[in-house]
Amino acid sequence: MTDDGSGSRSFVRRLLEHPAGRWSLATILLLVLVGIVGPHLMRYGPNDVLGMAELHNLPPSWQHPFGTDQISRDLLSRVVTGARISLGISALAVALSITVGTAYGLVSGYAGGWVDATMMRILDGFLSIPRVLFLIALWTLWTPASVWGVALLVGATGWFGVSRLVRAEILTLRQATFIESARALGASPLRMMWRHLLPNVMTPVIVFATLSVGNVILIESGLSYLGAGTRPPTASWGAIFNGAMSAAPNAWWILLFPGLAIIITVLAFNVLGDALRDVLDPRHLHASHTPQIAQAATSASLDKNG
Amino acid sequence: MADPLLSVRDLRTFFYTENGVARSVDGVSFDISAGETVGLVGESGSGKSVTALSLMRLVRPPGRIEPGSQIVFDGVDLTALDEKAMRAIRGARLAMVFQEPMTALNPVFTVGDQIAEVVRVHHAGNKKEAWARAVKMLETVGIPSPEQRANEYPHQLSGGMRQRVVIAMALIMNPALVIADEPTTALDVTIQAQILELLRDLQQKFGTSILLITHDLGVVAETASRVIVMYGGEIVEEAPVGDLFARAHHPYTEGLLNAMPQVGHERERLATIPGTVPPPTKWPQGCRFHDRCPYAWDRCANEHPPLYQIGGGHVSRCHLAVEPERRAHKHEPMVVA
């Protein structure tokens, strides 16, 4: 349903008034900006081999601020390009897993009965396999040639948690009078799910998605480090790590800069996720761990503001 | 007389639970004419809410409307319709007002959107037209500055306002019949009076029939022209409203009336009906009320009473209709003894 503007404005304002929200959002926007325009500003291409013999494993200098790697590529250029690749893969993977997971949980929770039971047992099966193991197993079946393939694999193994979350929310919502009321007003099952139920689960889903991005960046880095993610010479952050293994043992810069990039990004997404949790409809999100009185006080103060 | 708007015949809605078959509604028949307000009264568990859900065909498994039940509305038997045809009727010709205005509205949408949604569901206009109708309807149900209120979320409105919004949602398609399930129960007494007055006004304005479900006989007295009293999944008494209050026949109705607070009798303890409604899986043999009844005699425990005609459109499911002298023998009911 269309937002009337005032609602979304106050949401952005509240997010910007939240210190952690402000800073994490700024960091993420900066990282995205780096990923989009950064590669075009680099003096060297990420895969340019500058001089095998004399220019490999150079420590940071004016010429190469992040140094060069084991085969003499400019590390700054590779880390900046890595922002595009790692963030791109994560965004794509999370978009895929959230869409699939939300749809699955929505249908399962709305259908109920044996359909729900069957769908949840299938999910239990998937959830019993550790994700990285699952990914490596899939990797042996199909080795993606491109970053798109990596995003697809990571996305395809990431929707189980959000399915459970959405299903649990739907089970609670189904009891709500306003859902019964929507049925009594003649809404069809599809319309019930799409217009009446889905908007009510968006808040936890958005928070979950934000937290997932950080998680997926770690998974993609881990996979690439293990050699089961992006393929060389693609400059994802994890892949740079992987290359560092064969570099000189004291070439700290090859680990430090991509490592910092990963830490900052993951931290920013996790902090943003927490901030969103605070800012988006406190009544829903704090229901599990905020005492009733505090909840009432929060919504009362919101009433005054709104 | 013309055919009634709604004609319910032998409605039986059973729930197939692990503890047995719950006969929540067990052979209910009644009519509602166009423009009429009928009160449906009973305590919790008497089957009145399940009756309402059955009329809307909103009973969910393990409950079902038994074959042989008939709900003829607008000349069509609703029990024979498929789900799609039923959806076209719900909210358009036959609407429902739910009892909890706090939870009957979706918290993430503005009230204007929610009213407009009904118009959209029934393909009765584009977005803009639907919104315009919603704002107009808010004005009709007495909400001040409706353009502004339409953009507000349910939590920004008071309980009485929310109930007005719920009523606006029910009435926007100008339905022939509105089923109002305890529409005032959750509201303050002053707000209750306002909402009842609103329902009366709207009914006169639009000629809508209302089935008013309540446990509060006071609400019925103010609003309905005819009263149906339910107990144990059955109708136990039906009468024009004045007649019911003046000459309640069934001991259960009598008990309900005695349980009402009366002006001038504030010092006395309110009378209660001893015991509780038995579970719908185990209705007692004979009269379903006999173990709570202060007049019950052996016949009541053995013979299930039919609905006796007692004149002037007044019917009662009590053997006192044929053995009126028994009314003199009041005693402690079985549940107490």
# chains A, B, ... in the order shown; residues from 1 in each chain; ligands from 1

$ interface_residues --of "chain B" --to "chain A" --cutoff "7 Å" --atoms "only C-alpha atoms" --output "PyMOL selection string"
chain B and resi 56+87-88+90-91+95-96+103-106+108+118+121+156

$ write_last_selection --atoms "N, CA and C atoms" --output "compact mmCIF listing (two decimals), in the first residue's frame"
# COMPACT_ATOMS: atom_id res chain seq x y z
N MET B 56 -21.54 -15.83 7.52
CA MET B 56 -20.51 -15.27 6.63
C MET B 56 -19.76 -16.37 5.90
N ARG B 87 -17.04 -14.84 -1.73
CA ARG B 87 -16.18 -13.65 -1.55
C ARG B 87 -16.81 -12.41 -2.14
N ALA B 88 -17.53 -12.59 -3.26
CA ALA B 88 -18.17 -11.44 -3.90
C ALA B 88 -19.29 -10.88 -3.02
N ARG B 90 -19.39 -11.30 0.52
CA ARG B 90 -18.80 -10.80 1.77
C ARG B 90 -18.30 -9.37 1.58
N GLY B 91 -18.67 -8.52 2.49
CA GLY B 91 -18.18 -7.14 2.42
C GLY B 91 -18.99 -6.28 1.48
N ALA B 95 -22.03 -7.81 5.42
CA ALA B 95 -20.79 -7.34 6.04
C ALA B 95 -20.81 -7.61 7.54
N MET B 96 -19.63 -7.51 8.14
CA MET B 96 -19.53 -7.86 9.54
C MET B 96 -18.74 -6.79 10.29
N THR B 103 -8.12 -4.40 17.63
CA THR B 103 -7.39 -5.33 16.78
C THR B 103 -8.06 -5.58 15.44
N ALA B 104 -9.22 -4.96 15.23
CA ALA B 104 -9.93 -5.21 13.98
C ALA B 104 -9.38 -4.38 12.83
N LEU B 105 -8.43 -3.49 13.14
CA LEU B 105 -7.82 -2.67 12.09
C LEU B 105 -6.36 -3.06 11.93
N ASN B 106 -5.90 -3.06 10.69
CA ASN B 106 -4.52 -3.43 10.39
C ASN B 106 -3.58 -2.29 10.81
N VAL B 108 -0.61 -1.39 10.14
CA VAL B 108 0.38 -0.78 9.24
C VAL B 108 -0.24 0.06 8.13
N VAL B 118 -11.72 -1.97 0.81
CA VAL B 118 -12.96 -2.72 0.60
C VAL B 118 -13.52 -2.41 -0.79
N VAL B 121 -11.32 -4.21 -3.30
CA VAL B 121 -11.55 -5.66 -3.32
C VAL B 121 -12.76 -5.98 -4.20
N GLN B 156 -3.39 5.94 16.24
CA GLN B 156 -3.55 7.36 16.51
C GLN B 156 -4.99 7.71 16.87

$ residues_around --residues "Ile71 of chain A" --least-positions-apart "3" --cutoff "8 Å" --atoms "only C-alpha atoms" --output "ChimeraX atom specification"
/A:49,51-52,55-57,68

$ closest_residue --among "A:Leu33, A:Thr102, A:Gln70, A:Leu25" --to "Leu50 of chain A" --atoms "only C-alpha atoms"
A:Gln70

$ atom_distance --atom1 "atom CA of Asp26 of chain B" --atom2 "atom CA of Thr272 of chain B"
25.4 Å

$ residues_around --residues "Phe160 of chain A" --least-positions-apart "5" --cutoff "12 Å" --atoms "only C-alpha atoms" --output "JSON, numbers by chain"
{"A": [94, 96, 97, 98, 99, 100, 101, 102, 103, 104, 105, 119, 120, 121, 122, 123, 124, 125, 126, 127, 128, 129, 130, 131, 154, 155, 165, 166, 167, 208, 212]}

$ write_last_selection --atoms "N, CA and C atoms" --output "PDB file, in the first residue's frame"
ATOM      1  N   VAL A  94      21.293 -11.736  -0.910  1.00  0.00           N
ATOM      2  CA  VAL A  94      20.302 -11.458   0.128  1.00  0.00           C
ATOM      3  C   VAL A  94      18.944 -11.162  -0.505  1.00  0.00           C
ATOM      4  N   LEU A  96      17.779 -12.339  -3.196  1.00  0.00           N
ATOM      5  CA  LEU A  96      17.237 -13.628  -3.625  1.00  0.00           C
ATOM      6  C   LEU A  96      16.707 -14.422  -2.435  1.00  0.00           C
ATOM      7  N   SER A  97      17.535 -14.534  -1.389  1.00  0.00           N
ATOM      8  CA  SER A  97      17.119 -15.383  -0.272  1.00  0.00           C
ATOM      9  C   SER A  97      15.940 -14.782   0.483  1.00  0.00           C
ATOM     10  N   ILE A  98      15.902 -13.459   0.588  1.00  0.00           N
ATOM     11  CA  ILE A  98      14.782 -12.831   1.297  1.00  0.00           C
ATOM     12  C   ILE A  98      13.478 -13.018   0.520  1.00  0.00           C
ATOM     13  N   THR A  99      13.562 -12.861  -0.800  1.00  0.00           N
ATOM     14  CA  THR A  99      12.360 -13.021  -1.622  1.00  0.00           C
ATOM     15  C   THR A  99      11.827 -14.449  -1.527  1.00  0.00           C
ATOM     16  N   VAL A 100      12.716 -15.406  -1.759  1.00  0.00           N
ATOM     17  CA  VAL A 100      12.299 -16.806  -1.719  1.00  0.00           C
ATOM     18  C   VAL A 100      11.808 -17.168  -0.314  1.00  0.00           C
ATOM     19  N   GLY A 101      12.598 -16.776   0.677  1.00  0.00           N
ATOM     20  CA  GLY A 101      12.265 -17.141   2.057  1.00  0.00           C
ATOM     21  C   GLY A 101      10.955 -16.538   2.516  1.00  0.00           C
ATOM     22  N   THR A 102      10.726 -15.272   2.180  1.00  0.00           N
ATOM     23  CA  THR A 102       9.486 -14.618   2.591  1.00  0.00           C
ATOM     24  C   THR A 102       8.289 -15.287   1.919  1.00  0.00           C
ATOM     25  N   ALA A 103       8.416 -15.547   0.617  1.00  0.00           N
ATOM     26  CA  ALA A 103       7.319 -16.189  -0.101  1.00  0.00           C
ATOM     27  C   ALA A 103       7.022 -17.565   0.492  1.00  0.00           C
ATOM     28  N   TYR A 104       8.075 -18.324   0.772  1.00  0.00           N
ATOM     29  CA  TYR A 104       7.908 -19.674   1.320  1.00  0.00           C
ATOM     30  C   TYR A 104       7.231 -19.632   2.688  1.00  0.00           C
ATOM     31  N   GLY A 105       7.721 -18.744   3.546  1.00  0.00           N
ATOM     32  CA  GLY A 105       7.158 -18.635   4.894  1.00  0.00           C
ATOM     33  C   GLY A 105       5.720 -18.139   4.864  1.00  0.00           C
ATOM     34  N   MET A 119       5.973 -28.355   4.424  1.00  0.00           N
ATOM     35  CA  MET A 119       6.941 -27.328   4.045  1.00  0.00           C
ATOM     36  C   MET A 119       7.962 -27.102   5.156  1.00  0.00           C
ATOM     37  N   MET A 120       7.505 -27.170   6.402  1.00  0.00           N
ATOM     38  CA  MET A 120       8.430 -26.928   7.511  1.00  0.00           C
ATOM     39  C   MET A 120       9.384 -28.110   7.711  1.00  0.00           C
ATOM     40  N   ARG A 121       8.935 -29.332   7.469  1.00  0.00           N
ATOM     41  CA  ARG A 121       9.846 -30.475   7.613  1.00  0.00           C
ATOM     42  C   ARG A 121      10.947 -30.403   6.547  1.00  0.00           C
ATOM     43  N   ILE A 122      10.560 -29.975   5.322  1.00  0.00           N
ATOM     44  CA  ILE A 122      11.562 -29.805   4.273  1.00  0.00           C
ATOM     45  C   ILE A 122      12.607 -28.782   4.732  1.00  0.00           C
ATOM     46  N   LEU A 123      12.098 -27.714   5.320  1.00  0.00           N
ATOM     47  CA  LEU A 123      12.978 -26.651   5.800  1.00  0.00           C
ATOM     48  C   LEU A 123      13.907 -27.168   6.908  1.00  0.00           C
ATOM     49  N   ASP A 124      13.349 -27.963   7.804  1.00  0.00           N
ATOM     50  CA  ASP A 124      14.166 -28.544   8.876  1.00  0.00           C
ATOM     51  C   ASP A 124      15.319 -29.342   8.279  1.00  0.00           C
ATOM     52  N   GLY A 125      15.017 -30.056   7.204  1.00  0.00           N
ATOM     53  CA  GLY A 125      16.050 -30.839   6.531  1.00  0.00           C
ATOM     54  C   GLY A 125      17.180 -29.950   6.048  1.00  0.00           C
ATOM     55  N   PHE A 126      16.823 -28.881   5.358  1.00  0.00           N
ATOM     56  CA  PHE A 126      17.841 -27.947   4.864  1.00  0.00           C
ATOM     57  C   PHE A 126      18.632 -27.323   6.009  1.00  0.00           C
ATOM     58  N   LEU A 127      17.903 -26.958   7.072  1.00  0.00           N
ATOM     59  CA  LEU A 127      18.545 -26.257   8.182  1.00  0.00           C
ATOM     60  C   LEU A 127      19.506 -27.148   8.955  1.00  0.00           C
ATOM     61  N   SER A 128      19.358 -28.462   8.799  1.00  0.00           N
ATOM     62  CA  SER A 128      20.227 -29.359   9.553  1.00  0.00           C
ATOM     63  C   SER A 128      21.612 -29.452   8.918  1.00  0.00           C
ATOM     64  N   ILE A 129      21.772 -28.907   7.710  1.00  0.00           N
ATOM     65  CA  ILE A 129      23.081 -28.936   7.054  1.00  0.00           C
ATOM     66  C   ILE A 129      23.776 -27.593   7.301  1.00  0.00           C
ATOM     67  N   PRO A 130      24.998 -27.594   7.842  1.00  0.00           N
ATOM     68  CA  PRO A 130      25.693 -26.318   8.019  1.00  0.00           C
ATOM     69  C   PRO A 130      25.846 -25.616   6.665  1.00  0.00           C
ATOM     70  N   ARG A 131      25.672 -24.285   6.682  1.00  0.00           N
ATOM     71  CA  ARG A 131      25.568 -23.563   5.420  1.00  0.00           C
ATOM     72  C   ARG A 131      26.838 -23.663   4.575  1.00  0.00           C
ATOM     73  N   VAL A 154      24.908 -18.672  -2.972  1.00  0.00           N
ATOM     74  CA  VAL A 154      24.801 -18.158  -1.597  1.00  0.00           C
ATOM     75  C   VAL A 154      23.348 -17.800  -1.288  1.00  0.00           C
ATOM     76  N   GLY A 155      22.669 -17.189  -2.259  1.00  0.00           N
ATOM     77  CA  GLY A 155      21.262 -16.833  -2.056  1.00  0.00           C
ATOM     78  C   GLY A 155      20.400 -18.069  -1.867  1.00  0.00           C
ATOM     79  N   LEU A 165      11.154 -17.254  10.224  1.00  0.00           N
ATOM     80  CA  LEU A 165      10.765 -15.998  10.852  1.00  0.00           C
ATOM     81  C   LEU A 165       9.402 -15.548  10.332  1.00  0.00           C
ATOM     82  N   VAL A 166       9.267 -15.522   8.997  1.00  0.00           N
ATOM     83  CA  VAL A 166       8.026 -15.041   8.382  1.00  0.00           C
ATOM     84  C   VAL A 166       6.862 -15.948   8.750  1.00  0.00           C
ATOM     85  N   ARG A 167       7.093 -17.256   8.694  1.00  0.00           N
ATOM     86  CA  ARG A 167       6.011 -18.190   9.024  1.00  0.00           C
ATOM     87  C   ARG A 167       5.515 -17.975  10.452  1.00  0.00           C
ATOM     88  N   PHE A 208      16.107  -8.374   9.332  1.00  0.00           N
ATOM     89  CA  PHE A 208      16.779  -9.645   9.055  1.00  0.00           C
ATOM     90  C   PHE A 208      17.671  -9.519   7.819  1.00  0.00           C
ATOM     91  N   SER A 212      21.631  -9.927   7.441  1.00  0.00           N
ATOM     92  CA  SER A 212      22.101 -10.982   6.538  1.00  0.00           C
ATOM     93  C   SER A 212      23.231 -10.517   5.646  1.00  0.00           C
TER      94      SER A 212
END

$ atom_distance --atom1 "atom CA of His40 of chain A" --atom2 "atom CA of Met245 of chain A"
28.0 Å

$ residues_around --residues "Lys282 of chain B" --least-positions-apart "6" --cutoff "10 Å" --atoms "only C-alpha atoms" --output "list in words"
Asn19, Gly20, Val21, Ala22, Arg23, Gly232 and Arg288 of chain B

$ residues_around --residues "Lys128 of chain B" --least-positions-apart "5" --cutoff "12 Å" --atoms "only C-alpha atoms" --output "PDB file with C-alpha atoms, in the first residue's frame"
ATOM      1  CA  GLY B 112      -8.425   5.664   4.772  1.00  0.00           C
ATOM      2  CA  ASP B 113      -6.484   2.937   2.978  1.00  0.00           C
ATOM      3  CA  ALA B 116     -10.708   2.164   0.404  1.00  0.00           C
ATOM      4  CA  GLU B 117      -9.398  -1.406   0.301  1.00  0.00           C
ATOM      5  CA  VAL B 119     -13.951  -0.736  -2.484  1.00  0.00           C
ATOM      6  CA  ARG B 120     -10.865  -2.040  -4.296  1.00  0.00           C
ATOM      7  CA  ARG B 133     -15.496   7.250  -1.020  1.00  0.00           C
ATOM      8  CA  ALA B 134     -13.517   6.295   2.080  1.00  0.00           C
ATOM      9  CA  VAL B 135     -13.198   9.919   3.153  1.00  0.00           C
TER      10      VAL B 135
END

$ atom_distance --atom1 "atom CA of Leu177 of chain B" --atom2 "atom CA of Ile210 of chain B"
5.6 Å

$ select_by_dssp --residues "segment 51-132 of chain A" --states "helix (DSSP H, G or I)" --output "NGL selection string"
:A and (75-111 or 113-127 or 131-132)
